$ cat entry.txt   # compact mmCIF, C-alpha atoms and all ligand atoms
# COMPACT_ATOMS: atom_id res chain seq x y z
CA MET D 1188 101.94 92.99 107.51
CA SER D 1189 100.04 95.64 105.61
CA ALA D 1190 96.34 95.52 104.82
CA TRP D 1191 94.61 95.36 101.44
CA GLU D 1192 94.23 99.16 101.35
CA THR D 1193 95.77 102.01 99.39
CA ASN D 1194 99.14 102.98 100.87
CA THR D 1195 100.52 104.86 97.83
CA SER D 1196 98.85 107.71 95.93
CA ILE D 1197 98.72 107.91 92.15
CA GLU D 1198 101.17 110.87 92.30
CA GLU D 1199 103.60 108.76 94.36
CA ILE D 1200 103.32 105.91 91.84
CA ALA D 1201 103.96 108.35 88.99
CA SER D 1202 107.13 109.63 90.66
CA PHE D 1203 108.28 106.09 91.50
CA LEU D 1204 107.94 105.13 87.82
CA VAL D 1205 109.33 108.34 86.32
CA ASN D 1206 112.98 107.18 86.13
CA LYS D 1207 112.22 103.51 85.41
CA GLU D 1208 113.12 102.27 81.93
CA ARG D 1209 112.23 98.58 81.68
CA ILE D 1210 108.73 98.32 83.08
CA VAL D 1211 106.80 95.07 82.95
CA VAL D 1212 103.02 95.31 83.33
CA VAL D 1213 101.06 92.16 84.22
CA THR D 1214 97.45 91.43 85.09
CA HIS D 1215 95.23 88.49 85.96
CA ALA D 1216 95.31 85.33 83.86
CA ARG D 1217 92.76 85.22 81.02
CA PRO D 1218 92.60 89.01 80.69
CA ASP D 1219 89.17 90.60 80.26
CA GLY D 1220 88.37 94.06 78.90
CA ASP D 1221 89.44 95.87 82.06
CA ALA D 1222 92.65 93.85 82.46
CA ALA D 1223 93.61 94.41 78.81
CA GLY D 1224 92.44 98.04 78.76
CA SER D 1225 94.21 99.04 81.97
CA SER D 1226 97.49 97.27 81.13
CA LEU D 1227 97.68 98.51 77.53
CA ALA D 1228 96.66 102.06 78.47
CA LEU D 1229 99.40 102.08 81.10
CA VAL D 1230 102.18 100.94 78.75
CA ARG D 1231 101.05 103.44 76.13
CA ALA D 1232 101.14 106.28 78.67
CA LEU D 1233 104.50 105.14 80.11
CA ASN D 1234 106.17 104.87 76.70
CA ARG D 1235 104.71 108.17 75.54
CA ALA D 1236 106.02 109.94 78.63
CA SER D 1237 109.65 108.87 77.99
CA LYS D 1238 111.45 108.35 74.70
CA THR D 1239 113.94 105.84 76.15
CA ARG D 1240 111.52 103.76 78.19
CA ARG D 1241 110.46 100.26 77.13
CA ALA D 1242 107.28 99.28 78.97
CA SER D 1243 105.37 96.22 77.81
CA VAL D 1244 102.50 94.00 78.95
CA TRP D 1245 102.87 90.25 79.48
CA TYR D 1246 99.64 88.23 79.45
CA THR D 1247 99.03 84.68 80.57
CA GLY D 1248 96.09 82.34 80.06
CA GLY D 1249 93.97 82.45 76.91
CA PRO D 1250 93.92 85.99 75.48
CA PRO D 1251 90.56 87.28 74.19
CA ALA D 1252 90.02 87.13 70.43
CA TRP D 1253 89.90 90.94 70.16
CA LEU D 1254 93.22 91.55 71.94
CA ASP D 1255 95.28 92.22 68.78
CA THR D 1256 92.68 94.62 67.38
CA LEU D 1257 92.39 96.50 70.67
CA ALA D 1258 96.14 96.69 71.29
CA GLY D 1259 97.11 97.96 67.86
CA ASP D 1260 100.82 98.84 68.08
CA ALA D 1261 100.92 98.83 71.92
CA PRO D 1262 103.70 96.43 72.98
CA PHE D 1263 102.39 93.22 74.51
CA HIS D 1264 103.34 89.55 74.71
CA VAL D 1265 101.20 86.47 75.28
CA LEU D 1266 103.11 83.95 77.37
CA GLU D 1267 102.78 80.33 76.28
CA GLY D 1268 102.41 77.59 78.87
CA ASP D 1269 104.25 78.49 82.05
CA LYS D 1270 106.77 80.88 80.46
CA THR D 1271 107.58 84.13 82.26
CA PRO D 1272 108.66 87.56 80.94
CA ASP D 1273 112.17 87.34 79.46
CA VAL D 1274 113.24 90.84 80.46
CA GLU D 1275 114.92 91.95 83.67
CA PRO D 1276 112.62 94.79 84.77
CA ASP D 1277 113.43 97.81 86.91
CA ALA D 1278 109.74 98.08 87.80
CA VAL D 1279 106.70 95.78 87.70
CA VAL D 1280 103.12 97.02 87.75
CA VAL D 1281 100.24 94.63 88.44
CA VAL D 1282 96.87 95.99 87.30
CA ASP D 1283 93.27 94.81 87.82
CA THR D 1284 94.25 92.22 90.43
CA GLY D 1285 96.33 91.94 93.56
CA SER D 1286 95.76 88.27 94.13
CA TRP D 1287 98.51 85.66 93.94
CA LYS D 1288 95.95 83.13 92.76
CA GLN D 1289 94.73 85.29 89.86
CA LEU D 1290 98.30 85.88 88.71
CA ASP D 1291 98.42 82.14 88.13
CA HIS D 1292 101.93 80.93 87.26
CA LEU D 1293 103.21 84.53 87.02
CA ALA D 1294 102.91 84.71 90.82
CA ASP D 1295 106.35 83.15 91.36
CA TRP D 1296 107.92 85.57 88.88
CA VAL D 1297 106.25 88.58 90.55
CA ARG D 1298 107.42 87.28 93.95
CA LEU D 1299 111.03 87.52 92.71
CA HIS D 1300 110.46 91.24 92.03
CA THR D 1301 108.31 92.21 95.01
CA GLU D 1302 110.42 95.23 96.01
CA ILE D 1303 110.00 96.91 92.61
CA THR D 1304 106.32 95.94 92.20
CA THR D 1305 103.29 98.25 92.40
CA VAL D 1306 99.65 97.14 92.42
CA ILE D 1307 96.84 99.25 90.94
CA ASP D 1308 93.51 97.53 91.47
CA HIS D 1309 89.86 97.99 92.37
CA HIS D 1310 88.94 94.60 93.86
CA LEU D 1311 87.66 94.37 97.41
CA GLU D 1312 90.02 91.50 98.22
CA GLY D 1313 93.66 90.96 97.45
CA ASN D 1314 96.98 89.88 98.92
CA PRO D 1315 98.77 92.89 100.41
CA ASP D 1316 102.13 91.10 100.17
CA VAL D 1317 102.08 91.20 96.34
CA ALA D 1318 103.69 94.65 96.46
CA PRO D 1319 104.90 97.27 98.94
CA ARG D 1320 103.06 99.95 96.91
CA LEU D 1321 99.30 99.37 96.77
CA HIS D 1322 96.68 101.58 95.16
CA VAL D 1323 93.30 99.93 95.68
CA ALA D 1324 90.43 102.07 94.36
CA LYS D 1325 87.64 99.96 95.86
CA GLU D 1326 84.99 102.50 94.87
CA ALA D 1327 86.03 102.35 91.20
CA ALA D 1328 83.96 100.29 88.76
CA ALA D 1329 87.08 99.40 86.77
CA ALA D 1330 90.84 99.36 87.19
CA VAL D 1331 91.08 101.71 84.23
CA GLN D 1332 89.81 104.54 86.48
CA PRO D 1333 92.92 104.73 88.72
CA VAL D 1334 95.07 103.84 85.67
CA CYS D 1335 93.56 106.83 83.85
CA GLU D 1336 94.59 109.07 86.76
CA LEU D 1337 98.11 107.66 86.49
CA ALA D 1338 98.16 108.22 82.71
CA LEU D 1339 97.13 111.85 83.25
CA ALA D 1340 99.88 112.29 85.88
CA LEU D 1341 102.51 110.70 83.60
CA LEU D 1342 101.47 112.77 80.59
CA LYS D 1343 100.88 115.93 82.65
CA LEU D 1344 97.31 116.32 81.42
CA LYS D 1345 94.39 117.77 83.37
CA SER D 1346 91.45 115.90 81.89
CA ALA D 1347 90.80 112.55 80.23
CA SER D 1348 89.32 114.53 77.33
CA GLU D 1349 92.92 115.55 76.44
CA LEU D 1350 94.20 111.96 76.19
CA PRO D 1351 95.41 110.62 72.84
CA VAL D 1352 92.57 108.56 71.39
CA SER D 1353 94.76 105.42 71.38
CA ILE D 1354 94.87 105.60 75.20
CA ALA D 1355 91.32 106.89 75.66
CA GLU D 1356 89.81 103.91 73.85
CA LEU D 1357 91.70 101.44 76.05
CA ILE D 1358 90.40 103.15 79.17
CA TYR D 1359 86.90 103.25 77.71
CA THR D 1360 87.10 99.51 77.01
CA GLY D 1361 87.81 98.73 80.67
CA LEU D 1362 85.08 101.09 81.86
CA ALA D 1363 82.49 99.70 79.45
CA THR D 1364 83.25 96.02 79.98
CA ASP D 1365 83.54 96.05 83.79
CA THR D 1366 80.14 97.80 83.98
CA GLY D 1367 78.57 95.37 81.45
CA TRP D 1368 78.38 98.23 78.93
CA PHE D 1369 77.01 100.58 81.60
CA ARG D 1370 74.37 98.19 83.02
CA HIS D 1371 75.71 97.02 86.40
CA SER D 1372 75.24 98.44 89.89
CA ASN D 1373 78.81 99.80 89.81
CA VAL D 1374 77.69 102.51 87.37
CA ARG D 1375 78.18 105.73 89.36
CA PRO D 1376 78.37 109.38 88.28
CA ALA D 1377 82.18 109.07 88.03
CA VAL D 1378 81.75 106.33 85.41
CA PHE D 1379 79.65 108.50 83.11
CA GLU D 1380 81.81 111.55 83.78
CA LEU D 1381 84.92 109.66 82.68
CA ALA D 1382 83.07 108.06 79.76
CA ALA D 1383 81.98 111.52 78.59
CA ASP D 1384 85.56 112.83 78.72
CA LEU D 1385 86.81 109.79 76.81
CA LEU D 1386 84.17 110.33 74.11
CA ARG D 1387 85.36 113.95 73.91
CA ALA D 1388 88.89 112.58 73.41
CA GLY D 1389 87.57 110.87 70.28
CA VAL D 1390 86.56 107.36 71.40
CA ASP D 1391 84.40 105.61 68.81
CA HIS D 1392 81.79 103.79 70.93
CA PRO D 1393 80.15 101.73 68.12
CA LYS D 1394 83.57 100.61 66.90
CA LEU D 1395 84.58 99.38 70.36
CA LEU D 1396 81.19 97.73 70.93
CA ALA D 1397 81.58 95.86 67.64
CA THR D 1398 85.18 94.86 68.42
CA ILE D 1399 84.69 93.70 72.00
CA ASP D 1400 81.05 92.81 72.61
CA GLN D 1401 80.06 91.78 69.09
CA GLY D 1402 83.33 90.13 68.17
CA ASP D 1403 82.60 86.57 69.31
CA ARG D 1404 83.54 83.46 67.39
CA PRO D 1405 80.64 81.12 66.52
CA ALA D 1406 82.14 78.62 69.00
CA ARG D 1407 81.42 81.03 71.84
CA LEU D 1408 77.68 80.93 71.13
CA ARG D 1409 77.84 77.13 70.81
CA VAL D 1410 79.55 76.79 74.18
CA MET D 1411 77.06 79.29 75.63
CA ALA D 1412 74.28 76.98 74.45
CA GLU D 1413 76.05 74.08 76.20
CA ALA D 1414 76.12 76.08 79.43
CA LEU D 1415 72.47 77.18 79.11
CA GLY D 1416 71.49 73.57 78.54
CA THR D 1417 72.75 72.67 82.02
CA LEU D 1418 70.80 75.39 83.86
CA GLU D 1419 69.58 74.26 87.29
CA LEU D 1420 67.61 76.31 89.78
CA PHE D 1421 67.90 75.94 93.56
CA ASP D 1422 66.39 77.57 96.64
CA ARG D 1423 62.92 78.33 95.23
CA ASP D 1424 64.41 79.38 91.88
CA ARG D 1425 66.54 82.08 93.48
CA VAL D 1426 69.88 80.42 92.66
CA ALA D 1427 70.87 79.60 89.06
CA ILE D 1428 73.75 77.23 88.38
CA MET D 1429 75.26 76.37 85.00
CA SER D 1430 78.11 73.96 84.38
CA LEU D 1431 80.68 73.58 81.63
CA THR D 1432 82.71 70.42 81.48
CA THR D 1433 85.92 70.19 79.48
CA GLU D 1434 84.07 67.75 77.23
CA ALA D 1435 81.30 70.27 76.48
CA ILE D 1436 83.89 72.96 75.75
CA HIS D 1437 85.70 70.65 73.31
CA ARG D 1438 82.42 69.52 71.72
CA SER D 1439 81.58 73.12 70.82
CA GLY D 1440 85.04 73.75 69.38
CA ALA D 1441 85.60 76.48 71.98
CA GLY D 1442 88.77 77.48 73.78
CA SER D 1443 89.22 78.82 77.30
CA SER D 1444 88.83 82.39 76.04
CA ASP D 1445 85.30 81.64 74.76
CA THR D 1446 83.78 80.72 78.11
CA GLY D 1447 83.66 83.88 80.25
CA GLY D 1448 80.64 86.00 81.16
CA PHE D 1449 77.87 83.39 81.13
CA SER D 1450 76.74 83.94 84.73
CA GLU D 1451 75.08 87.17 83.61
CA LEU D 1452 72.60 85.08 81.65
CA GLY D 1453 71.20 83.40 84.76
CA LEU D 1454 70.28 86.82 86.17
CA LYS D 1455 67.83 87.32 83.29
CA ILE D 1456 65.36 85.06 85.17
CA ALA D 1457 63.04 87.19 87.33
CA SER D 1458 63.25 84.99 90.44
CA VAL D 1459 67.02 84.54 90.31
CA ARG D 1460 69.07 86.59 92.79
CA VAL D 1461 72.42 84.90 92.29
CA SER D 1462 73.88 83.03 89.34
CA ALA D 1463 77.01 80.93 89.15
CA THR D 1464 78.79 79.21 86.28
CA LEU D 1465 81.06 76.28 87.08
CA THR D 1466 83.77 75.64 84.52
CA GLU D 1467 86.01 72.61 84.61
CA VAL D 1468 89.68 73.50 84.26
CA GLU D 1469 92.64 71.19 83.97
CA ILE D 1470 95.58 72.20 86.11
CA ALA D 1471 98.79 70.55 85.00
CA GLY D 1472 99.84 67.97 87.55
CA SER D 1473 96.86 68.37 89.88
CA GLY D 1474 93.87 66.97 87.95
CA PRO D 1475 90.51 68.62 87.29
CA ALA D 1476 89.44 71.71 89.22
CA THR D 1477 86.36 73.93 89.00
CA LYS D 1478 86.39 77.65 88.38
CA ILE D 1479 83.30 79.43 89.68
CA SER D 1480 82.05 82.76 88.42
CA PHE D 1481 79.36 84.46 90.53
CA ARG D 1482 77.00 87.29 89.58
CA SER D 1483 74.22 88.70 91.76
CA LYS D 1484 71.52 91.34 91.43
CA ALA D 1485 71.96 94.57 93.38
CA GLY D 1486 69.19 95.94 95.57
CA PRO D 1487 67.41 95.00 98.82
CA GLY D 1488 68.36 91.57 100.13
CA MET D 1489 71.32 91.46 97.76
CA ILE D 1490 73.57 88.44 97.94
CA ASP D 1491 77.11 89.72 98.38
CA VAL D 1492 79.00 87.31 96.15
CA ASN D 1493 82.34 88.67 97.33
CA GLU D 1494 81.43 87.24 100.76
CA VAL D 1495 80.20 83.97 99.22
CA ALA D 1496 83.36 83.59 97.13
CA LYS D 1497 85.55 84.32 100.15
CA THR D 1498 84.14 81.28 101.94
CA LEU D 1499 85.42 79.24 98.96
CA GLY D 1500 88.85 80.90 98.92
CA GLY D 1501 88.04 83.46 96.21
CA GLY D 1502 86.73 87.02 96.11
CA GLY D 1503 85.95 89.99 93.88
CA HIS D 1504 83.11 92.47 94.12
CA ALA D 1505 79.69 92.48 95.80
CA ASN D 1506 77.88 91.62 92.53
CA ALA D 1507 80.66 89.87 90.60
CA SER D 1508 83.22 87.48 92.02
CA GLY D 1509 84.98 84.21 91.47
CA ALA D 1510 86.62 81.27 93.18
CA ARG D 1511 88.32 78.01 92.34
CA ILE D 1512 87.79 74.64 93.99
CA GLY D 1513 90.21 71.76 93.48
CA LEU D 1514 87.45 69.25 92.72
CA PRO D 1515 85.57 68.06 89.62
CA ILE D 1516 82.33 69.95 88.84
CA GLU D 1517 79.95 67.38 90.28
CA GLN D 1518 81.73 67.50 93.65
CA ALA D 1519 82.24 71.27 93.58
CA LYS D 1520 78.58 72.06 92.79
CA PRO D 1521 77.10 71.05 96.19
CA GLN D 1522 79.79 73.17 97.89
CA VAL D 1523 78.85 76.19 95.79
CA VAL D 1524 75.13 75.80 96.50
CA ALA D 1525 75.86 75.27 100.20
CA ALA D 1526 78.02 78.42 100.34
CA ILE D 1527 75.20 80.50 98.85
CA LEU D 1528 72.56 79.02 101.18
CA GLU D 1529 74.85 79.57 104.16
CA TYR D 1530 75.22 83.23 103.22
CA GLN D 1531 71.41 83.54 102.88
CA LYS D 1532 70.90 81.92 106.29
CA ASN D 1533 73.36 84.29 107.98
CA ASN D 1534 72.08 87.42 106.27
CA THR D 1535 68.28 87.23 106.44
MN MN D 1601 88.40 95.03 86.67
$ encode --input "entry.txt" --output "structure tokens" --more "lines below"
Ligand SMILES: [Mn+2]
Amino acid sequence: MSAWETNTSIEEIASFLVNKERIVVVTHARPDGDAAGSSLALVRALNRASKTRRASVWYTGGPPAWLDTLAGDAPFHVLEGDKTPDVEPDAVVVVDTGSWKQLDHLADWVRLHTEITTVIDHHLEGNPDVAPRLHVAKEAAAAVQPVCELALALLKLKSASELPVSIAELIYTGLATDTGWFRHSNVRPAVFELAADLLRAGVDHPKLLATIDQGDRPARLRVMAEALGTLELFDRDRVAIMSLTTEAIHRSGAGSSDTGGFSELGLKIASVRVSATLTEVEIAGSGPATKISFRSKAGPGMIDVNEVAKTLGGGGHANASGARIGLPIEQAKPQVVAAILEYQKNNT
């Protein structure tokens, strides 16, 4: 049983893929900017590198409103319900996750193709049995960073500044969104170095900001207000919790793609060190469950929310993670608060 560590270099992945023709790229359910950017950039690079190849992305869960605009003519499909890709691939690439749980109902389909699957990710936790070829860039702020290296290898380019702009802007989208538009603690020199090269390649930063970050539907702000209205503070105002019931989501006319990213808001409070948003989700056949999104502030005495999420069966990064509990919100909430307090107790 292998570990959740890189066992295959980008060059090895490039040579594995070089003679593959029908490549299916998948990512985590409810794709965010990095999931969409890394998957679309990869199919663009793959199809550009070979005239006969047909690589395409298959998404599951609610796609973000800006997906069509971002993708342009890059080939992608949004799977309805529990449908799976209707092509027989000769290679599968999973980007921006390596977790069976995050693949949602695509997990069973990926399992059927394990031998031809490759994972390119940057999360600290994952399931090593998803693929025999793992490239886990744990130091990367976004999955687009290793995917950019792969794109350069496939297209035989030396620098990201030489990328076609249609690929550069997808990579930039992942880099910008996974760093909160260059605000989070995962902003390292490599992030700005790559961003600079992508701007040299012709990326239009204001256009992408308007498309992705300023492209919300009114319902998203209404559901944000619903979440903010439930704000509770625990542990001497150091822990912020917000909740979103299915009813509140419906009331605001929002869909599942309108509800991500609210935990950031809790961190705006000076005393708050960790913020969590609990969202009720209906899982067909198994009743209500609660999805938890954690964010924490970096710095001394930081709460490592990857560790907190792990105790609830989830994971992610030190300052951004998630988990899912098979209970309604009101029963899940005490477990979430307890998991945070337990971490504090063991780490102070
Ligand atoms: Mn990511």
$ residues_around --input "entry.txt" --residues "Asn1373 (chain D)" --least-positions-apart "3" --cutoff "8 Å" --atoms "all atoms listed in the file" --output "MDAnalysis selection string"
chainID D and resid 1327:1328 1366
$ residues_near_ligand --input "entry.txt" --ligand "ligand MN 1601 (chain D)" --cutoff "8 Å" --atoms "only C-alpha atoms and all ligand atoms" --output "ChimeraX atom specification"
/D:1219-1222,1283-1284,1308-1310,1328-1331,1361,1365
$ atom_distance --input "entry.txt" --atom1 "CA of Leu1395 (chain D)" --atom2 "CA of Ser1348 (chain D)"
17.3 Å
$ residues_around --input "entry.txt" --residues "Ala1252 (chain D)" --least-positions-apart "5" --cutoff "9 Å" --atoms "all atoms listed in the file" --output "PyMOL selection string"
chain D and resi 1399+1402-1404+1444-1445
$ closest_atom_pairs --input "entry.txt" --of "region 1259-1357 of chain D" --to "region 1244-1249 of chain D" --cutoff "9 Å" --atoms "all atoms listed in the file" --output "Markdown table"
| residue | atom | partner | partner_atom | distance |
| --- | --- | --- | --- | --- |
| D:Ala1261 | CA | D:Val1244 | CA | 8.7 |
| D:Pro1262 | CA | D:Val1244 | CA | 6.6 |
| D:Phe1263 | CA | D:Val1244 | CA | 4.5 |
| D:His1264 | CA | D:Trp1245 | CA | 4.8 |
| D:Val1265 | CA | D:Tyr1246 | CA | 4.8 |
| D:Leu1266 | CA | D:Thr1247 | CA | 5.2 |
| D:Glu1267 | CA | D:Thr1247 | CA | 7.2 |
| D:Gly1268 | CA | D:Gly1248 | CA | 8.0 |
| D:Asp1269 | CA | D:Thr1247 | CA | 8.2 |
| D:Lys1270 | CA | D:Thr1247 | CA | 8.6 |
| D:Thr1271 | CA | D:Trp1245 | CA | 8.2 |
| D:Pro1272 | CA | D:Trp1245 | CA | 6.5 |
| D:Leu1290 | CA | D:Thr1247 | CA | 8.3 |
| D:Asp1291 | CA | D:Thr1247 | CA | 8.0 |
| D:His1292 | CA | D:Thr1247 | CA | 8.2 |
| D:Leu1293 | CA | D:Thr1247 | CA | 7.7 |
$ residues_around --input "entry.txt" --residues "Val1306 (chain D)" --least-positions-apart "6" --cutoff "10 Å" --atoms "all atoms listed in the file" --output "list of chain:residue names"
D:Thr1193, D:Thr1195, D:Ile1200, D:Val1212, D:Val1213, D:Thr1214, D:Val1279, D:Val1280, D:Val1281, D:Val1282, D:Asp1283, D:Thr1284, D:Gly1285, D:Ser1286, D:Gly1313, D:Pro1315, D:Val1317, D:Ala1318, D:Pro1319, D:Arg1320, D:Leu1321, D:His1322, D:Val1323
$ atom_distance --input "entry.txt" --atom1 "CA of Ala1236 (chain D)" --atom2 "CA of Pro1333 (chain D)"
17.3 Å
